[in-house]
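One file, protein_0.tsv, is given below (TSV, C-alpha atoms).
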chain	number	residue	atom	x	y	z
A	19	MET	CA	56.90	6.82	13.14
A	20	VAL	CA	53.42	5.93	11.88
A	21	ASP	CA	52.01	7.62	8.79
A	22	PHE	CA	48.31	8.52	8.93
A	23	PRO	CA	46.48	9.28	5.69
A	24	VAL	CA	44.95	12.72	5.56
A	25	SER	CA	41.27	12.96	4.62
A	26	PRO	CA	39.39	16.08	3.47
A	27	ASP	CA	37.75	16.18	6.89
A	28	PHE	CA	41.10	17.12	8.45
A	29	LEU	CA	41.22	20.23	6.27
A	30	LYS	CA	38.08	21.56	7.91
A	31	PRO	CA	38.22	23.74	11.04
A	32	VAL	CA	38.09	21.66	14.20
A	33	SER	CA	37.71	22.55	17.83
A	34	LEU	CA	40.70	22.89	20.14
A	35	THR	CA	39.49	19.91	22.17
A	36	SER	CA	39.41	17.64	19.13
A	37	SER	CA	42.92	18.73	18.13
A	38	LEU	CA	44.28	18.00	21.58
A	39	VAL	CA	42.71	14.56	21.62
A	40	PHE	CA	44.26	13.75	18.24
A	41	LEU	CA	47.71	14.95	19.39
A	42	MET	CA	47.45	12.81	22.54
A	43	HIS	CA	46.79	9.75	20.37
A	44	LEU	CA	49.87	10.54	18.29
A	45	LEU	CA	52.03	10.85	21.40
A	46	LEU	CA	50.77	7.60	22.88
A	47	LEU	CA	51.65	5.55	19.78
A	48	GLN	CA	55.02	3.83	20.24
A	49	PRO	CA	57.36	2.75	17.44
A	50	GLY	CA	56.99	-0.95	16.73
A	51	GLU	CA	53.44	-0.99	18.21
A	52	PRO	CA	51.49	1.10	15.73
A	53	ASN	CA	48.09	-0.27	16.68
A	54	SER	CA	48.35	-0.30	20.46
A	55	GLU	CA	45.95	2.63	20.85
A	56	VAL	CA	43.70	2.07	17.82
A	57	LYS	CA	40.06	1.60	18.69
A	58	VAL	CA	36.98	0.50	16.78
A	59	VAL	CA	34.22	3.08	17.12
A	60	GLY	CA	30.56	2.36	16.40
A	61	PRO	CA	27.36	4.32	17.05
A	62	GLU	CA	27.36	5.86	20.48
A	63	TYR	CA	23.60	5.49	20.95
A	64	PRO	CA	21.04	2.92	19.79
A	65	ILE	CA	20.04	3.29	16.14
A	66	LEU	CA	16.33	3.56	15.37
A	67	ALA	CA	15.09	2.06	12.09
A	68	LEU	CA	11.61	2.11	10.56
A	69	VAL	CA	9.94	-1.03	9.25
A	70	GLY	CA	10.42	-1.36	5.50
A	71	GLU	CA	13.03	1.41	5.33
A	72	GLU	CA	16.83	1.43	5.08
A	73	VAL	CA	19.25	1.91	7.96
A	74	GLU	CA	22.97	2.62	8.01
A	75	LEU	CA	25.39	0.96	10.44
A	76	PRO	CA	28.63	3.00	10.52
A	77	CYS	CA	31.93	1.82	11.95
A	78	HIS	CA	35.45	3.28	11.86
A	79	LEU	CA	38.92	3.15	13.34
A	80	TRP	CA	40.35	5.82	15.59
A	81	PRO	CA	42.90	7.10	14.83
A	82	GLN	CA	42.40	6.63	11.13
A	83	LEU	CA	44.13	3.66	9.54
A	84	ASP	CA	43.98	2.08	6.12
A	85	ALA	CA	41.60	-0.87	6.46
A	86	GLN	CA	41.61	-2.06	2.85
A	87	HIS	CA	43.62	-5.17	3.73
A	88	MET	CA	41.82	-5.89	7.01
A	89	GLU	CA	38.93	-8.22	7.66
A	90	ILE	CA	35.79	-6.25	8.53
A	91	ARG	CA	32.89	-8.24	9.93
A	92	TRP	CA	29.41	-7.11	10.91
A	93	PHE	CA	27.66	-9.53	13.19
A	94	ARG	CA	24.75	-9.98	15.56
A	95	SER	CA	25.35	-10.84	19.22
A	96	HIS	CA	28.19	-13.25	18.32
A	97	THR	CA	30.91	-12.92	15.68
A	98	SER	CA	29.80	-16.24	14.19
A	99	ASP	CA	26.41	-14.68	13.29
A	100	VAL	CA	27.66	-12.93	10.18
A	101	VAL	CA	25.59	-10.03	8.85
A	102	HIS	CA	28.23	-8.96	6.27
A	103	LEU	CA	31.86	-9.95	5.72
A	104	TYR	CA	34.68	-8.12	3.95
A	105	GLN	CA	37.86	-10.17	3.68
A	106	GLU	CA	40.95	-10.01	1.46
A	107	GLN	CA	39.60	-6.94	-0.32
A	108	GLN	CA	36.35	-8.62	-1.35
A	109	GLU	CA	32.89	-9.21	0.07
A	110	LEU	CA	31.76	-12.74	0.87
A	111	PRO	CA	27.95	-12.95	0.66
A	112	GLY	CA	28.07	-16.74	1.03
A	113	ARG	CA	29.09	-16.32	4.67
A	114	GLN	CA	26.03	-14.23	5.57
A	115	MET	CA	23.14	-15.40	7.71
A	116	GLU	CA	20.16	-16.35	5.55
A	117	ALA	CA	18.05	-13.52	7.00
A	118	PHE	CA	20.45	-10.90	5.58
A	119	ARG	CA	21.00	-12.30	2.07
A	120	ASN	CA	20.51	-9.62	-0.63
A	121	ARG	CA	19.69	-7.01	2.01
A	122	THR	CA	23.11	-5.48	2.77
A	123	LYS	CA	25.45	-3.15	0.92
A	124	LEU	CA	28.92	-2.12	2.01
A	125	VAL	CA	29.88	1.52	1.44
A	126	LYS	CA	33.70	1.61	1.45
A	127	ASP	CA	34.43	4.99	-0.13
A	128	TYR	CA	36.60	5.90	2.88
A	129	ILE	CA	37.94	2.46	3.76
A	130	ALA	CA	41.47	3.79	3.21
A	131	TYR	CA	40.81	6.01	6.21
A	132	GLY	CA	39.35	3.21	8.29
A	133	SER	CA	35.73	4.31	7.85
A	134	VAL	CA	32.99	2.05	6.43
A	135	ILE	CA	29.19	1.95	6.46
A	136	LEU	CA	26.90	-1.05	6.12
A	137	GLN	CA	23.46	-0.35	4.64
A	138	LEU	CA	20.65	-2.70	5.66
A	139	HIS	CA	17.58	-2.62	3.41
A	140	SER	CA	13.92	-3.54	4.02
A	141	VAL	CA	14.08	-3.50	7.80
A	142	VAL	CA	11.86	-6.02	9.60
A	143	PRO	CA	11.09	-6.39	13.31
A	144	SER	CA	13.38	-9.42	13.62
A	145	ASP	CA	16.35	-7.15	12.77
A	146	GLU	CA	16.05	-5.61	16.22
A	147	GLY	CA	18.85	-6.44	18.65
A	148	THR	CA	22.58	-6.18	19.27
A	149	TYR	CA	25.00	-5.57	16.37
A	150	GLY	CA	28.73	-5.26	16.18
A	151	CYS	CA	31.60	-4.69	13.77
A	152	ARG	CA	35.11	-6.10	14.07
A	153	PHE	CA	38.32	-5.03	12.36
A	154	LEU	CA	40.96	-7.76	12.17
A	155	SER	CA	44.54	-7.76	10.84
A	156	ASN	CA	47.80	-9.55	11.63
A	157	ASN	CA	48.60	-7.22	14.52
A	158	PHE	CA	45.25	-5.73	15.45
A	159	SER	CA	41.79	-6.86	16.49
A	160	GLY	CA	39.01	-4.70	17.84
A	161	GLU	CA	35.23	-4.48	17.82
A	162	ALA	CA	32.35	-2.24	18.78
A	163	LEU	CA	28.78	-3.11	19.80
A	164	TRP	CA	25.53	-1.16	19.64
A	165	GLU	CA	21.75	-1.69	19.64
A	166	LEU	CA	19.37	-1.49	16.70
A	167	GLU	CA	15.77	-0.63	17.53
A	168	VAL	CA	12.92	-1.14	15.08
A	169	ALA	CA	9.61	0.71	14.98
A	170	GLY	CA	6.52	0.72	12.78
A	171	LEU	CA	3.88	3.46	12.94
A	172	GLY	CA	1.05	1.35	11.58
A	173	SER	CA	-1.66	1.83	8.99
A	174	ASP	CA	-4.63	4.18	9.01
A	175	PRO	CA	-7.43	2.43	10.90
A	176	HIS	CA	-10.70	1.04	9.61
A	177	LEU	CA	-13.57	2.36	11.72
A	178	SER	CA	-17.03	0.81	11.72
A	179	LEU	CA	-20.31	1.52	13.49
A	180	GLU	CA	-21.51	-1.80	14.88
A	181	GLY	CA	-24.92	-0.58	16.09
A	182	PHE	CA	-26.72	-0.22	19.42
A	183	LYS	CA	-25.47	-2.21	22.39
A	184	GLU	CA	-26.03	-1.98	26.15
A	185	GLY	CA	-27.77	1.38	25.95
A	186	GLY	CA	-25.17	2.97	23.69
A	187	ILE	CA	-23.49	2.89	20.29
A	188	GLN	CA	-20.69	0.41	19.66
A	189	LEU	CA	-17.71	1.65	17.63
A	190	ARG	CA	-15.02	-0.75	16.40
A	191	LEU	CA	-11.58	0.10	15.03
A	192	ARG	CA	-8.93	-2.05	13.34
A	193	SER	CA	-5.36	-1.12	12.45
A	194	SER	CA	-2.25	-3.11	11.51
A	195	GLY	CA	1.50	-2.72	10.92
A	196	TRP	CA	2.51	-1.54	14.40
A	197	TYR	CA	5.79	-2.26	16.16
A	198	PRO	CA	6.38	-2.50	19.03
A	199	LYS	CA	3.00	-3.15	20.63
A	200	PRO	CA	0.86	0.01	20.37
A	201	LYS	CA	-1.17	1.69	23.08
A	202	ALA	CA	-4.78	2.67	22.29
A	203	GLN	CA	-6.98	5.08	24.21
A	204	TRP	CA	-10.61	6.16	23.64
A	205	ARG	CA	-11.70	9.59	24.91
A	206	ASP	CA	-14.96	11.52	24.96
A	207	HIS	CA	-15.50	15.11	23.85
A	208	GLN	CA	-14.27	16.36	27.23
A	209	GLY	CA	-11.04	14.40	27.00
A	210	GLN	CA	-12.11	11.86	29.58
A	211	CYS	CA	-10.91	8.29	29.07
A	212	LEU	CA	-13.52	5.78	27.90
A	213	PRO	CA	-12.88	2.18	28.90
A	214	PRO	CA	-12.72	-0.15	25.88
A	215	GLU	CA	-15.51	-2.70	25.61
A	216	PHE	CA	-13.06	-5.00	23.80
A	217	GLU	CA	-9.38	-4.86	22.88
A	218	ALA	CA	-7.05	-7.37	21.24
A	219	ILE	CA	-3.47	-6.94	20.01
A	220	VAL	CA	-2.10	-9.86	17.99
A	221	TRP	CA	1.28	-10.62	16.43
A	222	ASP	CA	1.09	-11.37	12.71
A	223	ALA	CA	3.34	-13.46	10.45
A	224	GLN	CA	5.54	-10.46	9.59
A	225	GLY	CA	6.29	-9.82	13.26
A	226	LEU	CA	4.07	-6.74	13.36
A	227	PHE	CA	1.15	-6.04	15.67
A	228	SER	CA	-2.48	-5.68	14.64
A	229	LEU	CA	-4.92	-3.87	16.90
A	230	GLU	CA	-8.69	-4.29	17.24
A	231	THR	CA	-10.59	-2.32	19.83
A	232	SER	CA	-14.19	-1.28	20.43
A	233	VAL	CA	-16.04	1.04	22.77
A	234	VAL	CA	-19.70	1.58	23.68
A	235	VAL	CA	-20.54	5.27	23.65
A	236	ARG	CA	-23.48	5.96	25.93
A	237	GLU	CA	-25.79	8.97	26.12
A	238	GLY	CA	-23.97	11.92	27.57
A	239	ALA	CA	-20.66	10.93	25.93
A	240	PHE	CA	-21.82	11.58	22.36
A	241	SER	CA	-20.58	14.42	20.14
A	242	ASN	CA	-16.83	14.06	19.51
A	243	VAL	CA	-15.30	10.69	20.40
A	244	SER	CA	-11.60	10.25	19.69
A	245	LEU	CA	-9.18	7.35	19.57
A	246	SER	CA	-5.42	7.70	19.74
A	247	ILE	CA	-2.99	4.89	18.87
A	248	GLN	CA	0.52	5.58	20.12
A	249	ASN	CA	3.93	4.13	19.29
A	250	LEU	CA	5.83	4.59	22.51
A	251	LEU	CA	9.24	4.01	20.90
A	252	LEU	CA	8.74	6.68	18.25
A	253	ASN	CA	6.77	8.87	20.66
A	254	GLN	CA	4.28	9.39	17.85
A	255	LYS	CA	0.59	8.65	17.60
A	256	LYS	CA	-2.30	8.62	15.19
A	257	GLU	CA	-5.49	10.22	16.45
A	258	PHE	CA	-8.96	10.00	14.93
A	259	VAL	CA	-12.16	11.84	15.82
A	260	VAL	CA	-15.66	10.45	15.29
A	261	GLN	CA	-18.74	12.70	15.22
A	262	ILE	CA	-21.80	11.13	16.86
A	263	ALA	CA	-25.11	13.04	16.86
A	264	ASP	CA	-27.62	12.82	19.74
A	265	VAL	CA	-30.29	11.43	17.45
A	266	PHE	CA	-28.36	8.16	17.04
A	267	SER	CA	-28.23	7.58	20.78
A	268	PRO	CA	-30.62	4.82	21.81
A	269	GLY	CA	-31.51	6.53	25.09
A	270	ALA	CA	-34.63	8.63	25.61
A	271	SER	CA	-34.61	12.06	24.01
A	272	PRO	CA	-37.32	14.78	24.18
A	273	TRP	CA	-37.42	15.07	20.39
A	274	LYS	CA	-36.37	11.62	19.34
A	275	GLY	CA	-40.01	10.57	18.79
A	276	ALA	CA	-40.65	13.62	16.61
A	277	PHE	CA	-37.55	12.85	14.58
A	278	VAL	CA	-38.55	9.23	14.15
A	279	GLY	CA	-42.05	10.34	13.07
A	280	ALA	CA	-40.63	12.83	10.58
A	281	LEU	CA	-38.27	10.18	9.31
A	282	ALA	CA	-41.19	7.74	8.87
A	283	ALA	CA	-43.21	10.41	7.03
A	284	LEU	CA	-40.26	11.15	4.79
A	285	LEU	CA	-39.87	7.48	4.00
A	286	ALA	CA	-43.60	7.27	3.20
A	287	VAL	CA	-43.33	10.22	0.82
A	288	LEU	CA	-40.32	8.69	-0.85
A	289	ALA	CA	-42.18	5.38	-1.19
A	290	GLY	CA	-45.17	7.20	-2.75
A	291	LEU	CA	-42.91	9.00	-5.19
A	292	ALA	CA	-41.23	5.76	-6.10
A	293	LEU	CA	-44.62	4.09	-6.67
A	294	GLY	CA	-45.75	7.00	-8.83
A	295	VAL	CA	-42.60	6.79	-10.91
A	296	LEU	CA	-43.10	3.06	-11.38
A	297	GLN	CA	-46.74	3.54	-12.47
A	298	GLN	CA	-45.79	6.27	-14.92
A	299	ARG	CA	-43.05	4.09	-16.32
A	300	ARG	CA	-45.53	1.22	-16.71
A	301	ARG	CA	-47.99	3.50	-18.59
A	302	CYS	CA	-45.22	4.70	-20.87
A	303	GLN	CA	-44.20	1.13	-21.57
A	304	GLU	CA	-47.79	0.16	-22.41
A	305	LYS	CA	-48.16	3.17	-24.74
A	306	LEU	CA	-44.93	2.34	-26.50
A	307	LYS	CA	-46.07	-1.27	-26.83
A	308	LYS	CA	-49.36	-0.24	-28.45
A	309	GLU	CA	-47.60	2.10	-30.87
A	310	ALA	CA	-45.17	-0.66	-31.76
A	311	GLU	CA	-48.07	-3.09	-32.36
A	312	LYS	CA	-49.82	-0.49	-34.56
A	313	ARG	CA	-46.68	0.09	-36.60
A	314	GLU	CA	-46.20	-3.65	-36.89
A	315	GLY	CA	-49.83	-4.03	-38.22
A	316	LYS	CA	-49.27	-1.36	-40.86
A	317	LEU	CA	-46.02	-2.94	-41.89
A	318	THR	CA	-47.71	-6.36	-42.17
A	319	ALA	CA	-50.50	-4.91	-44.39
A	320	GLU	CA	-47.95	-3.27	-46.68
A	321	LEU	CA	-46.01	-6.49	-46.94
A	322	GLU	CA	-49.19	-8.43	-47.80
A	323	LYS	CA	-50.06	-5.86	-50.50
A	324	LEU	CA	-46.56	-6.07	-51.98
A	325	GLN	CA	-46.74	-9.86	-51.89
A	326	LYS	CA	-50.06	-9.88	-53.81
A	327	GLU	CA	-48.67	-7.51	-56.44
A	328	LEU	CA	-45.59	-9.65	-56.74
A	329	ASP	CA	-47.72	-12.79	-57.17
A	330	TRP	CA	-49.83	-11.04	-59.85
A	331	ARG	CA	-46.78	-9.90	-61.82
A	332	ARG	CA	-45.28	-13.34	-61.51
A	333	ALA	CA	-48.54	-14.87	-62.91
A	334	GLU	CA	-48.57	-12.38	-65.87
A	335	GLY	CA	-44.97	-13.23	-66.64
A	336	GLN	CA	-45.73	-16.95	-66.69
A	337	ALA	CA	-48.71	-16.40	-69.08
A	338	GLU	CA	-46.58	-14.50	-71.60
A	339	CYS	CA	-43.95	-17.18	-71.45
A	340	PHE	CA	-46.67	-19.79	-72.19
A	341	ILE	CA	-47.90	-17.95	-75.31
A	342	LEU	CA	-44.44	-17.59	-76.72
A	343	ALA	CA	-43.75	-21.22	-76.05
A	344	SER	CA	-46.96	-22.29	-77.91
A	345	HIS	CA	-46.09	-20.44	-81.23
A	346	PRO	CA	-42.69	-20.91	-82.83
A	347	PRO	CA	-40.93	-17.74	-83.84
A	348	GLY	CA	-41.17	-18.28	-87.67
A	349	GLU	CA	-44.87	-18.96	-87.58
A	350	GLY	CA	-45.54	-15.82	-85.75
A	351	ILE	CA	-43.63	-13.77	-88.38
A	352	GLN	CA	-45.53	-15.39	-91.27
A	353	ALA	CA	-48.84	-14.60	-89.65
A	354	ALA	CA	-47.78	-11.02	-89.30
A	355	SER	CA	-46.80	-10.87	-93.03
A	356	ASN	CA	-50.15	-12.28	-94.16
A	357	SER	CA	-51.99	-9.75	-92.16
A	358	THR	CA	-50.02	-6.98	-93.84
A	359	THR	CA	-50.79	-8.31	-97.36
A	360	THR	CA	-54.46	-8.44	-96.67
A	361	LEU	CA	-54.49	-4.85	-95.48
A	362	ASN	CA	-52.67	-3.69	-98.65
A	363	ALA	CA	-55.17	-5.43	-100.90
Could you write out this file's structure as structure tokens?
Amino acid sequence: MVDFPVSPDFLKPVSLTSSLVFLMHLLLLQPGEPNSEVKVVGPEYPILALVGEEVELPCHLWPQLDAQHMEIRWFRSHTSDVVHLYQEQQELPGRQMEAFRNRTKLVKDYIAYGSVILQLHSVVPSDEGTYGCRFLSNNFSGEALWELEVAGLGSDPHLSLEGFKEGGIQLRLRSSGWYPKPKAQWRDHQGQCLPPEFEAIVWDAQGLFSLETSVVVREGAFSNVSLSIQNLLLNQKKEFVVQIADVFSPGASPWKGAFVGALAALLAVLAGLALGVLQQRRRCQEKLKKEAEKREGKLTAELEKLQKELDWRRAEGQAECFILASHPPGEGIQAASNSTTTLNA
């Protein structure tokens, strides 16, 4: 007999069909050949991953078997193209392809039940293609293959108005980060397709597509003009609407001349106002300059007056110093005493 570990999932209610399938597997297993009916099961349908995101690649054994001591290998089209390798109960990053270094993580929480998941981080367009996982032991070898598809929705576009061309208005749009190649379509306000005047889709260094397209909107197609960029793999699109007024159409219009005249008059008024503001500013600057010169003159006169007073006081001080220097101190006292005696007599 073969012992199968019981997981929490087996404790949940299951359908009668699933139970019958499991019992059939048990009956088909023969003593001495425990792995004769074991299969490796991968994703049933292609897996879709977004550029820059993370994707999970699940793989498990059916019926459940302990795979802790097995070799588990994820690979590209050939088993020699190693994406991730688990061997002898350890992971071997040195055996990986260079493109997958530091981008994979093995989730082995349920490896004892034969179920594992490989996480692939930072998906790039070159990751697209065939993948497989292989379980290998002394008496069992099996693998499963599936497809990984990669998609990128792209960035918001940059829209510019190029000007008048060929009797209409030329609009140009640029957007990047698309994968696979996007499909662009211009439409007028009635939903009718507008043929692009120019369109280029280039492949950049990251493996993504950049789109540049332009259209000439002629009179009669103005008002709302829309552009949709679609990712056919995701079945999603980005749509943008541009409002174009009649007045900007280069074609003849019954009131275009009046508008142009009014616009010219408005520009003339604005120019006159600007000139008036400049003249007023110039007058204010001249007035401020005169006031500053007047204040500077007053300040100069005050400084000259102070300087004269300072020179006079300095001259007085020098004269007193000269008198004191000419008469010794004792002589001056004696003269004062004599004067006093004379007054007393």
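Distances to Phe118 (chain A) were evaluated for A:Leu245, A:Met88, A:Ala67, A:Val142 using only C-alpha atoms, and the minimum falls at A:Val142.
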Box along x, y and z, 3 Å on every side, all listed atoms of region 115-127 of chain A inside: centre and edge lengths in Å to one decimal, as lines of an AutoDock Vina configuration file.
center_x = 26.2
center_y = -5.7
center_z = 3.5
size_x = 22.4
size_y = 27.3
size_z = 14.3
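Distances from A:Leu189, A:Arg113, A:Ser95, A:Glu167 to Ile65 (chain A) were compared using only C-alpha atoms, and the smallest one belongs to A:Glu167.
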**Request:** Find the residues around region 178-180 of chain A up to 8 Å (only C-alpha atoms counted), leave out those fewer than 2 positions away in its own chain, and share them as a list in words.
**Result:** His176, Phe182, Ile187, Gln188, Leu189, Arg190 and Leu191 of chain A
**Message:** If we count all atoms listed in the file and set the cut-off at 9 Å, which residues sit around Cys151 (chain A), ignoring sequence neighbours fewer than 5 positions away in its own chain? Please answer as a VMD selection string.
**Reply:** chain A and resid 58 to 60 76 to 77 90 to 94 97 160 to 163
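For the pair CA of Leu293 (chain A) and CA of Lys312 (chain A), the separation is 28.7 Å.
Here CA of Leu252 (chain A) stands at a distance of 27.0 Å from CA of Glu215 (chain A).
For the set A:His102, A:His87, A:Arg236, A:His78, the residue with the smallest atom-to-atom gap to Val134 (chain A) is A:His78, counting only C-alpha atoms.
Residues in contact range of Asp206 (chain A), defined as at most 7 Å between all atoms listed in the file, with sequence neighbours fewer than 4 positions away removed, read Gln210, Cys211, Leu212, Ala239, Asn242, Val243 and Ser244 of chain A.
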Pull C-alpha atoms from the residues just selected and write them as a PDB file, keeping the file's coordinate frame.
ATOM      1  CA  GLN A 210     -12.110  11.860  29.580  1.00  0.00           C
ATOM      2  CA  CYS A 211     -10.910   8.290  29.070  1.00  0.00           C
ATOM      3  CA  LEU A 212     -13.520   5.780  27.900  1.00  0.00           C
ATOM      4  CA  ALA A 239     -20.660  10.930  25.930  1.00  0.00           C
ATOM      5  CA  ASN A 242     -16.830  14.060  19.510  1.00  0.00           C
ATOM      6  CA  VAL A 243     -15.300  10.690  20.400  1.00  0.00           C
ATOM      7  CA  SER A 244     -11.600  10.250  19.690  1.00  0.00           C
TER       8      SER A 244
END
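With distances restricted to only C-alpha atoms, A:Glu146 is the closest residue to Val69 (chain A) from A:Glu311, A:Glu327, A:Glu257, A:Glu146.
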